[in-house]
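For reference, input25.cif is printed below; it contains mmCIF, C-alpha atoms.
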```cif
data_structure
loop_
_atom_site.label_atom_id
_atom_site.label_comp_id
_atom_site.auth_asym_id
_atom_site.auth_seq_id
_atom_site.Cartn_x
_atom_site.Cartn_y
_atom_site.Cartn_z
CA MET A 25 -10.84 136.59 33.00
CA LEU A 26 -9.15 135.73 29.70
CA ALA A 27 -9.83 139.15 28.17
CA LEU A 28 -8.10 140.74 31.13
CA MET A 29 -5.17 138.40 31.36
CA GLY A 30 -4.36 138.76 27.68
CA ALA A 31 -2.69 142.08 28.41
CA GLN A 32 -0.40 140.82 31.14
CA PRO A 33 2.73 140.09 29.03
CA LEU A 34 3.13 143.86 28.84
CA ILE A 35 3.75 144.00 32.59
CA ALA A 36 7.11 142.22 32.74
CA ARG A 37 9.23 145.31 31.96
CA ALA A 38 7.20 147.77 34.05
CA ALA A 39 10.32 149.77 34.96
CA GLU A 40 10.49 151.02 31.34
CA PRO A 41 7.80 152.98 29.50
CA GLN A 42 5.63 150.45 27.72
CA VAL A 43 4.40 151.04 24.18
CA PRO A 44 1.25 149.25 23.02
CA VAL A 45 1.97 146.82 20.19
CA LEU A 46 -1.26 145.94 18.39
CA TRP A 47 0.26 144.69 15.14
CA ASP A 48 1.81 141.34 14.26
CA ALA A 49 5.16 142.12 12.63
CA LYS A 50 5.08 138.74 10.85
CA GLU A 51 1.77 139.43 9.11
CA ARG A 52 2.20 140.49 5.50
CA LEU A 53 -0.37 143.07 4.49
CA PRO A 54 -0.58 144.00 0.80
CA LYS A 55 0.98 147.33 -0.10
CA PRO A 56 -1.72 149.51 -1.67
CA ASP A 57 -1.34 151.54 -4.85
CA LEU A 58 -2.84 154.96 -4.22
CA SER A 59 -1.15 156.67 -7.14
CA LYS A 60 -4.52 157.48 -8.72
CA LEU A 61 -5.94 158.95 -5.53
CA PRO A 62 -6.28 162.69 -6.19
CA ARG A 63 -6.30 163.68 -2.52
CA LEU A 64 -6.26 162.25 0.98
CA ARG A 65 -7.85 164.66 3.41
CA PHE A 66 -8.08 163.61 7.05
CA LEU A 67 -10.85 165.22 9.08
CA THR A 68 -10.29 165.76 12.78
CA THR A 69 -11.14 168.20 15.59
CA THR A 70 -9.20 170.85 17.52
CA ASP A 71 -10.40 170.18 21.05
CA PHE A 72 -9.15 166.75 22.09
CA PRO A 73 -5.60 167.16 23.47
CA PRO A 74 -3.15 165.53 23.19
CA PHE A 75 -4.69 163.89 20.10
CA ASN A 76 -5.58 167.11 18.29
CA PHE A 77 -5.30 170.71 19.47
CA LEU A 78 -4.10 174.16 18.45
CA ASP A 79 -0.60 174.92 19.70
CA GLY A 80 0.61 178.28 20.95
CA ALA A 81 1.04 179.53 17.39
CA GLY A 82 -2.47 178.44 16.41
CA ARG A 83 -1.24 175.46 14.38
CA LEU A 84 -3.10 172.16 14.36
CA SER A 85 -0.98 169.72 16.35
CA GLY A 86 -1.19 166.48 18.27
CA PHE A 87 -0.85 162.73 18.15
CA HIS A 88 -3.48 162.32 15.41
CA VAL A 89 -1.93 165.06 13.29
CA ASP A 90 1.53 163.49 13.41
CA LEU A 91 0.04 160.05 12.80
CA ALA A 92 -1.94 161.20 9.75
CA ARG A 93 1.13 162.79 8.19
CA ALA A 94 3.20 159.69 8.85
CA ILE A 95 0.52 157.51 7.25
CA CYS A 96 0.59 159.67 4.12
CA ALA A 97 4.39 159.45 3.98
CA GLU A 98 4.28 155.67 4.41
CA LEU A 99 1.75 155.41 1.57
CA GLY A 100 3.94 157.59 -0.66
CA ILE A 101 1.34 160.34 -1.05
CA ALA A 102 2.63 163.05 1.28
CA GLU A 103 2.11 165.70 -1.41
CA LYS A 104 -1.59 164.77 -1.62
CA CYS A 105 -2.13 164.76 2.13
CA GLN A 106 -4.33 167.31 3.89
CA ILE A 107 -5.66 167.62 7.44
CA GLN A 108 -8.73 169.70 8.25
CA ALA A 109 -10.17 170.41 11.69
CA LEU A 110 -13.93 170.70 12.14
CA PRO A 111 -16.34 170.67 15.07
CA TRP A 112 -17.10 167.10 16.13
CA ALA A 113 -20.75 167.35 15.06
CA GLU A 114 -19.73 168.20 11.48
CA LEU A 115 -17.32 165.31 10.85
CA GLU A 116 -19.87 162.73 9.67
CA GLY A 117 -21.58 165.13 7.28
CA ALA A 118 -18.29 166.35 5.82
CA LEU A 119 -17.16 162.79 5.09
CA ARG A 120 -20.51 161.91 3.56
CA LYS A 121 -20.40 164.98 1.29
CA GLY A 122 -16.91 164.13 0.06
CA GLU A 123 -15.21 166.99 1.87
CA GLY A 124 -12.71 164.51 3.26
CA GLU A 125 -11.65 160.92 2.75
CA ALA A 126 -11.14 159.79 6.35
CA ILE A 127 -11.87 160.75 9.94
CA ILE A 128 -9.09 160.44 12.50
CA ALA A 129 -10.78 161.65 15.66
CA GLY A 130 -11.56 158.68 17.86
CA ILE A 131 -14.86 157.50 16.40
CA ALA A 132 -15.64 154.23 18.17
CA ALA A 133 -16.04 151.16 15.97
CA THR A 134 -19.38 149.77 17.15
CA PRO A 135 -22.05 147.71 15.35
CA GLU A 136 -23.98 150.95 14.80
CA SER A 137 -21.04 152.98 13.50
CA ARG A 138 -19.94 150.15 11.20
CA SER A 139 -23.16 150.68 9.25
CA LYS A 140 -21.91 154.21 8.44
CA TYR A 141 -18.16 153.73 8.11
CA ALA A 142 -15.45 151.32 7.09
CA PHE A 143 -12.75 151.21 9.76
CA SER A 144 -9.07 150.50 9.88
CA ARG A 145 -7.90 148.14 12.55
CA SER A 146 -7.47 149.64 15.98
CA TYR A 147 -4.22 151.58 16.41
CA LEU A 148 -4.63 152.46 20.09
CA GLN A 149 -6.59 150.88 22.92
CA PHE A 150 -7.34 152.18 26.39
CA PRO A 151 -6.70 149.67 29.16
CA ALA A 152 -8.12 149.79 32.64
CA ARG A 153 -5.50 150.22 35.36
CA PHE A 154 -5.14 150.25 39.12
CA ILE A 155 -3.22 153.06 40.78
CA MET A 156 -1.98 152.89 44.36
CA PRO A 157 0.28 154.87 46.70
CA LYS A 158 3.88 154.16 45.76
CA THR A 159 4.73 152.69 49.17
CA LYS A 160 1.89 150.16 48.95
CA ALA A 161 1.67 149.44 45.22
CA LEU A 162 1.17 145.78 44.35
CA THR A 163 2.62 143.77 41.48
CA GLU A 164 1.12 140.89 39.54
CA PRO A 165 -0.41 138.48 40.29
CA ILE A 166 -2.64 141.12 41.84
CA PHE A 167 -6.03 139.40 42.06
CA ASP A 168 -5.65 137.72 45.46
CA ARG A 169 -3.55 140.55 46.88
CA LEU A 170 -6.45 142.95 46.38
CA ARG A 171 -8.86 140.79 48.35
CA GLY A 172 -10.72 142.95 50.86
CA LYS A 173 -9.03 146.16 49.73
CA ARG A 174 -11.06 149.36 49.34
CA VAL A 175 -10.92 150.30 45.65
CA GLY A 176 -12.32 153.57 44.37
CA VAL A 177 -13.95 153.85 40.94
CA LEU A 178 -16.21 156.33 39.15
CA ALA A 179 -19.83 155.51 39.88
CA GLY A 180 -21.87 154.15 37.00
CA SER A 181 -18.87 153.82 34.69
CA ALA A 182 -17.84 150.89 32.54
CA HIS A 183 -14.87 150.58 34.87
CA GLU A 184 -17.15 150.09 37.85
CA ARG A 185 -19.00 147.31 36.04
CA MET A 186 -15.71 145.75 35.02
CA LEU A 187 -14.30 145.98 38.56
CA ARG A 188 -17.36 144.30 40.05
CA ALA A 189 -17.31 141.56 37.40
CA TYR A 190 -13.62 140.65 37.47
CA PHE A 191 -12.46 141.68 40.95
CA ASP A 192 -15.44 140.71 43.07
CA ALA A 193 -13.31 140.20 46.20
CA VAL A 194 -12.55 143.91 46.61
CA GLN A 195 -14.63 146.49 48.45
CA VAL A 196 -15.93 148.76 45.69
CA VAL A 197 -16.08 152.44 46.70
CA PRO A 198 -17.93 154.49 44.03
CA PHE A 199 -17.20 158.20 43.53
CA GLU A 200 -19.23 160.73 41.58
CA ARG A 201 -16.23 162.91 40.68
CA PRO A 202 -12.66 161.95 39.76
CA GLU A 203 -11.36 164.78 41.94
CA ASP A 204 -12.88 163.13 45.01
CA LEU A 205 -11.44 159.76 44.05
CA TYR A 206 -7.94 161.22 43.76
CA THR A 207 -8.25 163.11 47.04
CA GLU A 208 -9.30 160.00 48.94
CA LEU A 209 -6.49 157.97 47.37
CA LYS A 210 -3.86 160.53 48.36
CA ALA A 211 -5.30 160.68 51.87
CA GLY A 212 -5.08 156.90 52.25
CA LYS A 213 -8.83 156.50 52.73
CA ILE A 214 -8.96 154.00 49.88
CA ASP A 215 -6.28 151.45 49.01
CA ALA A 216 -6.43 151.82 45.25
CA ALA A 217 -8.31 153.39 42.38
CA PHE A 218 -9.46 151.61 39.23
CA GLY A 219 -10.25 153.36 35.98
CA ASP A 220 -9.11 154.60 32.58
CA GLY A 221 -5.36 154.16 32.23
CA MET A 222 -4.88 157.18 30.00
CA ARG A 223 -6.65 159.57 32.39
CA PHE A 224 -4.75 158.06 35.31
CA ALA A 225 -1.47 158.58 33.41
CA PHE A 226 -2.18 162.29 32.95
CA TRP A 227 -3.01 162.62 36.66
CA LEU A 228 0.09 160.71 37.76
CA GLY A 229 2.27 162.97 35.61
CA GLY A 230 0.63 166.17 36.85
CA SER A 231 1.24 168.41 39.82
CA ASP A 232 -1.93 167.38 41.65
CA ALA A 233 -0.67 163.84 42.21
CA ALA A 234 2.56 165.26 43.70
CA GLY A 235 4.36 161.98 43.01
CA CYS A 236 2.15 160.11 45.47
CA CYS A 237 1.15 157.14 43.41
CA ARG A 238 1.89 154.81 40.53
CA PHE A 239 0.31 152.10 38.41
CA ALA A 240 -0.12 148.72 40.06
CA GLY A 241 -0.72 145.56 38.03
CA GLY A 242 -2.34 145.51 34.65
CA PRO A 243 -2.89 146.76 32.01
CA TYR A 244 -6.30 145.14 31.51
CA LEU A 245 -8.00 145.02 28.12
CA ALA A 246 -11.68 144.04 28.11
CA PRO A 247 -13.40 145.05 24.83
CA GLU A 248 -16.81 144.05 26.16
CA TYR A 249 -16.52 146.87 28.70
CA LEU A 250 -14.00 149.29 27.21
CA GLY A 251 -14.57 148.98 23.46
CA SER A 252 -12.10 148.13 20.73
CA GLY A 253 -10.06 151.34 20.81
CA MET A 254 -9.31 154.01 18.22
CA ALA A 255 -9.53 153.39 14.48
CA ILE A 256 -9.59 155.52 11.33
CA ALA A 257 -13.00 155.82 9.67
CA THR A 258 -13.64 156.04 5.94
CA ARG A 259 -16.88 155.97 3.99
CA ALA A 260 -18.59 152.61 4.20
CA ASP A 261 -18.17 152.12 0.44
CA ASP A 262 -14.39 152.63 0.63
CA PRO A 263 -13.00 149.63 2.54
CA ALA A 264 -9.93 149.64 0.29
CA LEU A 265 -8.79 152.91 1.81
CA ALA A 266 -9.30 151.52 5.32
CA ALA A 267 -7.16 148.52 4.30
CA ALA A 268 -4.48 150.93 3.03
CA PHE A 269 -4.42 152.52 6.46
CA ASP A 270 -3.90 149.07 7.98
CA TYR A 271 -0.80 148.61 5.85
CA ALA A 272 0.59 152.02 6.82
CA LEU A 273 -0.18 151.61 10.51
CA GLN A 274 1.54 148.24 10.63
CA GLU A 275 4.62 149.67 8.91
CA LEU A 276 4.72 152.58 11.36
CA SER A 277 4.53 150.11 14.23
CA VAL A 278 7.26 147.84 12.91
CA LYS A 279 9.59 150.77 12.17
CA GLY A 280 9.15 152.24 15.66
CA ILE A 281 7.58 155.47 14.39
CA PHE A 282 4.31 154.83 16.21
CA ALA A 283 6.27 154.26 19.43
CA GLU A 284 7.98 157.64 18.99
CA PHE A 285 4.61 159.38 18.69
CA TYR A 286 3.16 157.48 21.64
CA LEU A 287 6.02 158.35 24.00
CA ARG A 288 6.04 161.96 22.77
CA TYR A 289 2.41 162.55 23.70
CA PHE A 290 2.04 160.05 26.55
CA PRO A 291 5.33 160.28 28.52
CA VAL A 292 3.63 158.45 31.40
CA SER A 293 2.64 155.32 29.54
CA PHE A 294 -0.76 153.90 30.37
CA PHE A 295 0.36 150.42 29.25
#
```
Please express the file's structure as structure tokens.
Amino acid sequence: MLALMGAQPLIARAAEPQVPVLWDAKERLPKPDLSKLPRLRFLTTTDFPPFNFLDGAGRLSGFHVDLARAICAELGIAEKCQIQALPWAELEGALRKGEGEAIIAGIAATPESRSKYAFSRSYLQFPARFIMPKTKALTEPIFDRLRGKRVGVLAGSAHERMLRAYFDAVQVVPFERPEDLYTELKAGKIDAAFGDGMRFAFWLGGSDAAGCCRFAGGPYLAPEYLGSGMAIATRADDPALAAAFDYALQELSVKGIFAEFYLRYFPVSFF
């Protein structure tokens, strides 16, 4: 339960949009000298909104695009900064061939991927959340209050495994499709839904939800089920560049710039 409960301090000010803070402001990371770096080209994709996408004018836009530019500015190399969009399947090969210096596209940092890449620290994680009808939404401590409740979850997902492991007193109701889960929640046939906070946030802010529901309890971080979040990947033989990204990301967090980007692209916060 400790992995779950570690996220609970974020709950106290639930009336305000919550911004994930993954950096210790008191930690002093060394400022890198990248003056001799001839170029910093970030590789990303175009088909993962709101992280990266083409806007109405055909320009590459999104959370990752703004973040990459801010990192370059923080490192004092804005004039050397480039961002190139490629199909997902081409990212690894392009980095390996030297066509870019980093990938900012949500590559998961796993034991397997760490053999190919050096990673920055995680800059964004994806908590699990409960959503419930507004008139019945629970607040923490939520564990005992959910006892016996019918909770919908996507069948076979990491969230189903997590729900069964940590909330074994609920009645788990698996669904094959998210659309069916949302329909049953709105109809009151299940008491709550459990799943990916980011996807829930988009649904809650959309027209389909029609203002029916809101987050209840949480957020819950469990890396053993949900992974360690998003990080920037560099070539495995370039850990110094990954460390430079750590410095920039921490500075962006401390200065509130990361929070501005987060609230711009995720107006319904999933934290």
TODO: Name the residues in contact with Leu78 (chain A) at a cut-off of 12 Å, using all atoms listed in the file, excluding same-chain residues fewer than 4 positions from it; report them as a PyMOL selection string.
DONE: chain A and resi 68-74+82-87+89+109
Written as a short mmCIF file (atom, residue, chain, number, x, y, z; two decimals) with C-alpha atoms, keeping the file's coordinate frame, what is the full residue list that the PyMOL selection byres ((chain A and resi 196-202) around 10) yields on the file shown?
```cif
data_model
loop_
_atom_site.label_atom_id
_atom_site.label_comp_id
_atom_site.auth_asym_id
_atom_site.auth_seq_id
_atom_site.Cartn_x
_atom_site.Cartn_y
_atom_site.Cartn_z
CA GLY A 172 -10.72 142.95 50.86
CA LYS A 173 -9.03 146.16 49.73
CA ARG A 174 -11.06 149.36 49.34
CA VAL A 175 -10.92 150.30 45.65
CA GLY A 176 -12.32 153.57 44.37
CA VAL A 177 -13.95 153.85 40.94
CA LEU A 178 -16.21 156.33 39.15
CA ALA A 179 -19.83 155.51 39.88
CA GLY A 180 -21.87 154.15 37.00
CA SER A 181 -18.87 153.82 34.69
CA GLU A 184 -17.15 150.09 37.85
CA LEU A 187 -14.30 145.98 38.56
CA ARG A 188 -17.36 144.30 40.05
CA PHE A 191 -12.46 141.68 40.95
CA ASP A 192 -15.44 140.71 43.07
CA ALA A 193 -13.31 140.20 46.20
CA VAL A 194 -12.55 143.91 46.61
CA GLN A 195 -14.63 146.49 48.45
CA GLU A 203 -11.36 164.78 41.94
CA ASP A 204 -12.88 163.13 45.01
CA LEU A 205 -11.44 159.76 44.05
CA TYR A 206 -7.94 161.22 43.76
CA THR A 207 -8.25 163.11 47.04
CA GLU A 208 -9.30 160.00 48.94
CA ILE A 214 -8.96 154.00 49.88
CA ALA A 216 -6.43 151.82 45.25
CA ALA A 217 -8.31 153.39 42.38
CA PHE A 218 -9.46 151.61 39.23
CA GLY A 219 -10.25 153.36 35.98
CA ARG A 223 -6.65 159.57 32.39
CA PHE A 224 -4.75 158.06 35.31
#
```
Open item on the list: Show me the residues close to (-9.5, 162.2, 1.3) - anything with an atom within 12 Å, counting all atoms listed in the file - and format the list as a PyMOL selection string.
Closed with: chain A and resi 58+61-67+92+96+101+104-108+118-128+257-259+262+265-266
TODO: To verify the selection step, state as an MDAnalysis selection string which residues the PyMOL selection byres ((chain A and resi 278) around 12) yields on this input.
DONE: chainID A and resid 44:52 98 271:277 279:284
TODO: State, in Å with one decimal place, the distance from CA of Ala81 (chain A) to CA of Ala94 (chain A).
DONE: 21.7 Å
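Atom to atom, CA of Tyr289 (chain A) and CA of Lys160 (chain A) stand 28.1 Å apart.
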TODO: May I ask which of the residues A:Met222, A:Arg185, A:Met156, A:Asp215 is the closest one to Arg238 (chain A), counting all atoms listed in the file?
DONE: A:Met156
- [ ] Choose the residue, out of A:Gly230, A:Pro151, A:Gly221, A:Pro291, that has the smallest atom-to-atom separation from Tyr244 (chain A); count all atoms listed in the file.
- [x] A:Pro151
Open item on the list: I'd like to know which of A:Gly235, A:Pro111, A:Gly229, A:Gly117 is closest to Lys158 (chain A), using only C-alpha atoms.
Closed with: A:Gly235
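Between Val292 (chain A) and the residues A:Ala225, A:Ala240, A:Leu99, A:Leu53, the shortest atom-to-atom distance, using only C-alpha atoms, involves A:Ala225.
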- [ ] Considering all atoms listed in the file, state which residue in the set A:Glu116, A:Asp90, A:Asp220, A:Glu248 is at the smallest distance from Phe154 (chain A).
- [x] A:Asp220
Task: Point-to-point distance from CA of Met186 (chain A) to CA of Ser144 (chain A), Å rounded to tenths - done: 26.4 Å
Where atoms are lacking, region 254-285 of chain A completed to N, CA and C atoms, as a CSV table (one decimal), in the coordinates of the input:
```csv
chain,number,residue,atom,x,y,z
A,254,MET,N,-9.2,153.0,19.3
A,254,MET,CA,-9.3,154.0,18.2
A,254,MET,C,-9.0,153.4,16.9
A,255,ALA,N,-9.8,153.8,15.9
A,255,ALA,CA,-9.5,153.4,14.5
A,255,ALA,C,-9.8,154.6,13.6
A,256,ILE,N,-9.3,154.5,12.3
A,256,ILE,CA,-9.6,155.5,11.3
A,256,ILE,C,-10.8,155.1,10.5
A,257,ALA,N,-11.7,156.1,10.4
A,257,ALA,CA,-13.0,155.8,9.7
A,257,ALA,C,-12.9,156.4,8.2
A,258,THR,N,-13.4,155.6,7.3
A,258,THR,CA,-13.6,156.0,5.9
A,258,THR,C,-15.1,155.8,5.6
A,259,ARG,N,-15.5,156.3,4.4
A,259,ARG,CA,-16.9,156.0,4.0
A,259,ARG,C,-17.1,154.5,3.9
A,260,ALA,N,-18.3,154.0,4.2
A,260,ALA,CA,-18.6,152.6,4.2
A,260,ALA,C,-18.3,151.9,2.9
A,261,ASP,N,-18.4,152.7,1.8
A,261,ASP,CA,-18.2,152.1,0.4
A,261,ASP,C,-16.7,152.2,0.0
A,262,ASP,N,-15.8,152.5,1.0
A,262,ASP,CA,-14.4,152.6,0.6
A,262,ASP,C,-13.5,151.8,1.6
A,263,PRO,N,-13.8,150.5,1.6
A,263,PRO,CA,-13.0,149.6,2.5
A,263,PRO,C,-11.6,149.5,2.1
A,264,ALA,N,-11.3,149.7,0.8
A,264,ALA,CA,-9.9,149.6,0.3
A,264,ALA,C,-9.0,150.7,0.9
A,265,LEU,N,-9.6,151.9,1.2
A,265,LEU,CA,-8.8,152.9,1.8
A,265,LEU,C,-8.5,152.6,3.3
A,266,ALA,N,-9.5,152.0,3.9
A,266,ALA,CA,-9.3,151.5,5.3
A,266,ALA,C,-8.2,150.5,5.4
A,267,ALA,N,-8.2,149.6,4.4
A,267,ALA,CA,-7.2,148.5,4.3
A,267,ALA,C,-5.8,149.1,4.0
A,268,ALA,N,-5.7,150.2,3.3
A,268,ALA,CA,-4.5,150.9,3.0
A,268,ALA,C,-3.9,151.5,4.3
A,269,PHE,N,-4.8,152.0,5.2
A,269,PHE,CA,-4.4,152.5,6.5
A,269,PHE,C,-3.8,151.4,7.3
A,270,ASP,N,-4.4,150.2,7.2
A,270,ASP,CA,-3.9,149.1,8.0
A,270,ASP,C,-2.4,148.8,7.6
A,271,TYR,N,-2.2,148.8,6.3
A,271,TYR,CA,-0.8,148.6,5.8
A,271,TYR,C,0.1,149.7,6.4
A,272,ALA,N,-0.3,150.9,6.3
A,272,ALA,CA,0.6,152.0,6.8
A,272,ALA,C,0.8,151.9,8.3
A,273,LEU,N,-0.3,151.7,9.0
A,273,LEU,CA,-0.2,151.6,10.5
A,273,LEU,C,0.7,150.5,11.0
A,274,GLN,N,0.6,149.3,10.3
A,274,GLN,CA,1.5,148.2,10.6
A,274,GLN,C,3.0,148.6,10.4
A,275,GLU,N,3.3,149.3,9.2
A,275,GLU,CA,4.6,149.7,8.9
A,275,GLU,C,5.1,150.7,9.9
A,276,LEU,N,4.3,151.6,10.4
A,276,LEU,CA,4.7,152.6,11.4
A,276,LEU,C,5.0,151.9,12.7
A,277,SER,N,4.3,150.9,13.0
A,277,SER,CA,4.5,150.1,14.2
A,277,SER,C,5.9,149.4,14.2
A,278,VAL,N,6.1,148.6,13.1
A,278,VAL,CA,7.3,147.8,12.9
A,278,VAL,C,8.5,148.7,12.9
A,279,LYS,N,8.4,149.9,12.3
A,279,LYS,CA,9.6,150.8,12.2
A,279,LYS,C,9.8,151.6,13.4
A,280,GLY,N,9.0,151.5,14.4
A,280,GLY,CA,9.2,152.2,15.7
A,280,GLY,C,8.6,153.7,15.6
A,281,ILE,N,8.0,154.1,14.5
A,281,ILE,CA,7.6,155.5,14.4
A,281,ILE,C,6.4,155.7,15.3
A,282,PHE,N,5.5,154.7,15.3
A,282,PHE,CA,4.3,154.8,16.2
A,282,PHE,C,4.8,155.0,17.7
A,283,ALA,N,5.8,154.2,18.1
A,283,ALA,CA,6.3,154.3,19.4
A,283,ALA,C,6.8,155.7,19.7
A,284,GLU,N,7.5,156.3,18.8
A,284,GLU,CA,8.0,157.6,19.0
A,284,GLU,C,6.8,158.6,19.3
A,285,PHE,N,5.8,158.5,18.5
A,285,PHE,CA,4.6,159.4,18.7
A,285,PHE,C,4.0,159.1,20.1
```
